[in-house]
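Enquirer: Dropping the structure in here first, questions after.
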Amino acid sequence: MDRARLHALLARESAEAERRNPRSRAAYARADHLFGRVPMTWMNKTAGGFPRYLAEARGARVTDVDGHTYVDFCLGDTGAMAGHSPAPVAEAVHRRYAELGGATAMLPTEDAEWVGAELTRRFGLARWSFSLTATDANRWAIRLARAVTGRPKILVNSYCYHGSVDESLIVTTPDGPGAPRPGNVGAPCDVTLTSRVAEFNDLAGLERELAHGDVAAVLMEPALTNIGIVLPEPGYLTGVRELTRQYGTLLVNDETHTFSAGPGGCTGAWDLAPDLLTIGKAIGGGIPAGAYGLSAELAERLLARGDLDLVDMGGVGGTLAGNALSVAATRATLEHVLTGEAFARMGTLAERFETGVRDGLAAHGLPWSVSRLGARTEYRFTSPAPRTGTESAAASDPELEDFLHLYLANRGILLTPFHNMALMCPDTTEQDVDTHTEVFAAALAELAG
Ligand code: PMP
């Protein structure tokens, strides 16, 4: 990689973004009352120095306030995997909120049992409870795992992401119990007191940590998706299940992103058998919704525990969790939008996307790798594809990533910030994918000179 050339290209694309997006830039400059000038500080993760402001979004398209329409492969980093405002969800939300009324009344609706039964059909777990975010689903799964096992620690994979769950912000060190993930804000205590860590795809490392006998649960994605995509090697997930059973540790699959693998996520696609499963983002079709599932056996053990306050102050649940609006949106999303047929189409489109990226890389002899998990693809600046989170983290190249994101955005294509990730939704078309293939190849040609 010619760094001077990359640097010059990035400067050129930044100038072009400023020229194309005067209204977004001005809105950002005016936002004096927002912490970091944005509604949420992560919105500052924008190649080019300012975020594009949203005007409208429908299906696989986003339009910014400067009047540019984009093919959206970001899809709200999975929150809009059903496409933006799909009609069945829009109708269900309108009906619940405007026609029937009662978005949040502290009363259950009949939709909830429909959703629970559908989640059981897809993921296998027998009992379900709701949250508004995947982070909260994880937090509550962790509390329940600690309560039922009486053990203090949670084990995660190095460079995982499970939301702002304190226990998950730990990375491996060459020797020893791991260390806080660099940049973590406001840890309540030394993370090694609450957590253990192992590399993804490393069963020996996992067993070494579980053997301490103090791990309540392993919280993991069946494939890492937040440090590029790191796929499990043959036998790894079977080994994780065997070891967790052997050491009396519960297994929690976080399917928030790996849902892209199919209608039942990796758990359904690969016939996995976790004790708990967490999910959020996509299931509400853009309306805040999350859920966690428990095996029947685990649910019974928890409900039988008279000492646990699961009803009032026990720390499991939020006032708006399971509200009528979120549950109606989730039902509409699962019943009509993110169906088995939709996943099949999205997977085929992602394969086409992956082929386009591979062809571009081959044409320029670039030693990068591309991985796919159903409807989601991601490339990393290294080859072969990383086997662990730590290997994948070592391959990051923020300047190169910024250039590619900006080059694409200036030509009407959005990728997910924090990733070189593209996600397909039911409204994505072959033409959308081919447009990306063309623009990506042009970006590589510029890099090559
Ligand atoms: N789990 C996984 C696997 C995720 O990727 C994320 C977010 N990227 C979360 C949990 C947290 O989701 P949320 O921010 O919606 O709580």
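Naming scheme: A, B, ... for chains in displayed order of the structure tokens; residues 1 onward per chain; ligands 1 onward as shown.
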Env of A:Tyr236: 8 Å cut, atoms = only C-alpha atoms, seq-sep filter 4 positions within chain, self excluded. Answer as a short mmCIF file (atom, residue, chain, number, x, y, z; two decimals) with N, CA and C atoms, in the first residue's frame.
Expert:
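Dumped to result.cif:
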data_model
loop_
_atom_site.label_atom_id
_atom_site.label_comp_id
_atom_site.auth_asym_id
_atom_site.auth_seq_id
_atom_site.Cartn_x
_atom_site.Cartn_y
_atom_site.Cartn_z
N ASN A 201 -12.17 -19.70 18.60
CA ASN A 201 -11.51 -20.84 17.93
C ASN A 201 -10.39 -21.48 18.75
N ASP A 202 -10.32 -21.18 20.04
CA ASP A 202 -9.24 -21.75 20.87
C ASP A 202 -9.86 -22.56 22.02
N LEU A 203 -10.07 -23.85 21.77
CA LEU A 203 -10.72 -24.69 22.79
C LEU A 203 -9.81 -24.93 23.99
N PRO A 232 -16.34 -19.74 12.80
CA PRO A 232 -15.87 -20.86 13.63
C PRO A 232 -15.24 -21.94 12.75
N VAL A 240 -17.12 -26.08 22.26
CA VAL A 240 -17.57 -25.10 23.25
C VAL A 240 -18.73 -25.68 24.05
#
Enquirer: Show me which residues line ligand 1, defined as having an atom within 9 Å of a ligand atom where only C-alpha atoms and all ligand atoms count, and present them as a PyMOL selection string.
Expert: chain A and resi 77-79+132-138+160-165+220-221+224-226+254-258+278-282+288-290
Enquirer: Rounded to one decimal, what separation in Å do you get between atom CA of A:Trp368 and atom CA of A:Arg380?
Expert: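 Computed distance, atom CA of A:Trp368 to atom CA of A:Arg380, equals 5.7 Å.
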Enquirer: I want to know what sits within 10 Å of A:Pro417, based on only C-alpha atoms, with residues of the same chain fewer than 3 positions away left out; could you give that as a list in words?
Expert: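 My list of contacting residues is Trp42, Met43, Asn44, Lys45, Thr46, Ala47, Cys74, Gly76, Asp77, Glu401, Asp402, His405, Leu414, Asn420 and Met421 of chain A.
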Enquirer: Write out as JSON, numbers by chain the residues lying within 6 Å of A:Gly360, counting only C-alpha atoms and excluding same-chain residues fewer than 3 positions away.
Expert: {"A": [357, 363, 441]}
Enquirer: Residues near A:Arg37, anyone? I mean within 10 Å using only C-alpha atoms, not counting same-chain ones fewer than 4 positions away, as a VMD selection string.
Expert: chain A and resid 27 to 33 41 43 to 44 50 to 51
Enquirer: Per residue of stretch 307-334 of chain A within 8 Å of stretch 104-120 of chain A, which atom pair is closest and at what distance in Å (one decimal), using only C-alpha atoms, listed by chain and increasing number, as a Markdown table?
Expert:
| residue | atom | partner | partner_atom | distance |
| --- | --- | --- | --- | --- |
| A:Thr319 | CA | A:Met106 | CA | 7.6 |
| A:Leu320 | CA | A:Thr104 | CA | 6.5 |
| A:Gly322 | CA | A:Pro108 | CA | 7.6 |
| A:Asn323 | CA | A:Thr104 | CA | 5.0 |
| A:Ala324 | CA | A:Thr104 | CA | 5.9 |
| A:Leu325 | CA | A:Thr104 | CA | 7.0 |
| A:Val327 | CA | A:Ala112 | CA | 6.0 |
| A:Ala328 | CA | A:Asp111 | CA | 6.2 |
| A:Thr330 | CA | A:Val115 | CA | 7.1 |
| A:Arg331 | CA | A:Val115 | CA | 5.6 |
| A:Leu334 | CA | A:Glu118 | CA | 7.8 |
Enquirer: I'd like the neighbourhood of A:Ala394 as a PyMOL selection string, where a residue qualifies if any of its atoms comes within 12 Å (using only C-alpha atoms), though same-chain residues fewer than 3 positions away should be ignored.
Expert: chain A and resi 159+227-228+380-382+385-391+397-398
Enquirer: Write the residues you've just listed into a file as a short mmCIF file (atom, residue, chain, number, x, y, z; two decimals), in the first residue's frame, and include N, CA, C and O atoms for each of them.
Expert:
data_model
loop_
_atom_site.label_atom_id
_atom_site.label_comp_id
_atom_site.auth_asym_id
_atom_site.auth_seq_id
_atom_site.Cartn_x
_atom_site.Cartn_y
_atom_site.Cartn_z
N TYR A 159 -11.94 -9.36 21.90
CA TYR A 159 -12.45 -8.47 20.85
C TYR A 159 -13.87 -8.79 20.42
O TYR A 159 -14.28 -8.53 19.30
N ILE A 227 -15.52 -7.62 14.84
CA ILE A 227 -14.10 -7.34 14.59
C ILE A 227 -13.82 -7.99 13.24
O ILE A 227 -13.03 -8.91 13.10
N GLY A 228 -14.55 -7.52 12.24
CA GLY A 228 -14.70 -8.29 11.02
C GLY A 228 -15.54 -9.51 11.34
O GLY A 228 -16.05 -9.64 12.45
N ARG A 380 -11.51 -7.94 5.35
CA ARG A 380 -10.44 -7.49 6.26
C ARG A 380 -9.17 -7.32 5.45
O ARG A 380 -8.98 -8.02 4.44
N PHE A 381 -8.29 -6.46 5.93
CA PHE A 381 -7.08 -6.15 5.17
C PHE A 381 -5.97 -7.15 5.47
O PHE A 381 -4.84 -6.77 5.79
N THR A 382 -6.28 -8.41 5.41
CA THR A 382 -5.28 -9.46 5.65
C THR A 382 -5.80 -10.75 5.03
O THR A 382 -7.00 -10.93 4.87
N ALA A 385 -8.16 -15.24 6.07
CA ALA A 385 -9.08 -14.61 7.01
C ALA A 385 -8.63 -14.90 8.44
O ALA A 385 -8.20 -16.02 8.74
N PRO A 386 -8.71 -13.91 9.34
CA PRO A 386 -8.28 -14.12 10.73
C PRO A 386 -9.07 -15.24 11.41
O PRO A 386 -10.24 -15.45 11.12
N ARG A 387 -8.40 -15.94 12.32
CA ARG A 387 -9.01 -17.05 13.07
C ARG A 387 -9.49 -16.61 14.44
O ARG A 387 -10.24 -17.33 15.10
N THR A 388 -8.98 -15.47 14.91
CA THR A 388 -9.34 -15.00 16.26
C THR A 388 -9.62 -13.51 16.21
O THR A 388 -9.21 -12.82 15.27
N GLY A 389 -10.25 -13.02 17.27
CA GLY A 389 -10.50 -11.58 17.37
C GLY A 389 -9.21 -10.78 17.42
O GLY A 389 -9.11 -9.71 16.82
N THR A 390 -8.22 -11.31 18.13
CA THR A 390 -6.95 -10.58 18.26
C THR A 390 -6.25 -10.47 16.91
O THR A 390 -5.75 -9.40 16.56
N GLU A 391 -6.25 -11.57 16.15
CA GLU A 391 -5.65 -11.51 14.80
C GLU A 391 -6.41 -10.50 13.93
O GLU A 391 -5.80 -9.73 13.19
N ASP A 397 -7.00 -1.04 9.71
CA ASP A 397 -6.27 0.04 9.03
C ASP A 397 -7.25 1.20 8.89
O ASP A 397 -7.93 1.33 7.86
N PRO A 398 -7.34 2.05 9.94
CA PRO A 398 -8.37 3.09 9.95
C PRO A 398 -8.32 4.04 8.75
O PRO A 398 -9.36 4.44 8.23
#
Enquirer: Give me, as a PyMOL selection string, all polymer residues having an atom no more than 9 Å from A:Ala87, counting only C-alpha atoms and skipping those fewer than 4 positions away in the same chain.
Expert: chain A and resi 91-92+337
Enquirer: Kindly save the residues from that selection, with all heavy atoms included, as a JSON list (two decimals), in the first residue's frame.
Expert:
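Dumped everything to again.json:
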[["chain", "number", "residue", "atom", "x", "y", "z"],
["A", 91, "GLU", "N", -47.52, -0.56, 9.27],
["A", 91, "GLU", "CA", -48.96, -0.73, 9.53],
["A", 91, "GLU", "C", -49.21, -1.20, 10.96],
["A", 91, "GLU", "O", -50.11, -0.70, 11.65],
["A", 91, "GLU", "CB", -49.57, -1.75, 8.56],
["A", 91, "GLU", "CG", -49.83, -1.15, 7.19],
["A", 91, "GLU", "CD", -49.90, -2.24, 6.10],
["A", 91, "GLU", "OE1", -50.23, -3.41, 6.41],
["A", 91, "GLU", "OE2", -49.58, -1.89, 4.95],
["A", 92, "ALA", "N", -48.41, -2.16, 11.42],
["A", 92, "ALA", "CA", -48.59, -2.69, 12.79],
["A", 92, "ALA", "C", -48.33, -1.60, 13.82],
["A", 92, "ALA", "O", -49.04, -1.49, 14.83],
["A", 92, "ALA", "CB", -47.67, -3.88, 13.02],
["A", 337, "VAL", "N", -41.81, -10.01, 7.25],
["A", 337, "VAL", "CA", -40.67, -9.38, 6.58],
["A", 337, "VAL", "C", -39.42, -10.27, 6.61],
["A", 337, "VAL", "O", -38.91, -10.67, 5.57],
["A", 337, "VAL", "CB", -40.36, -7.99, 7.18],
["A", 337, "VAL", "CG1", -39.32, -7.27, 6.31],
["A", 337, "VAL", "CG2", -41.63, -7.14, 7.29]]
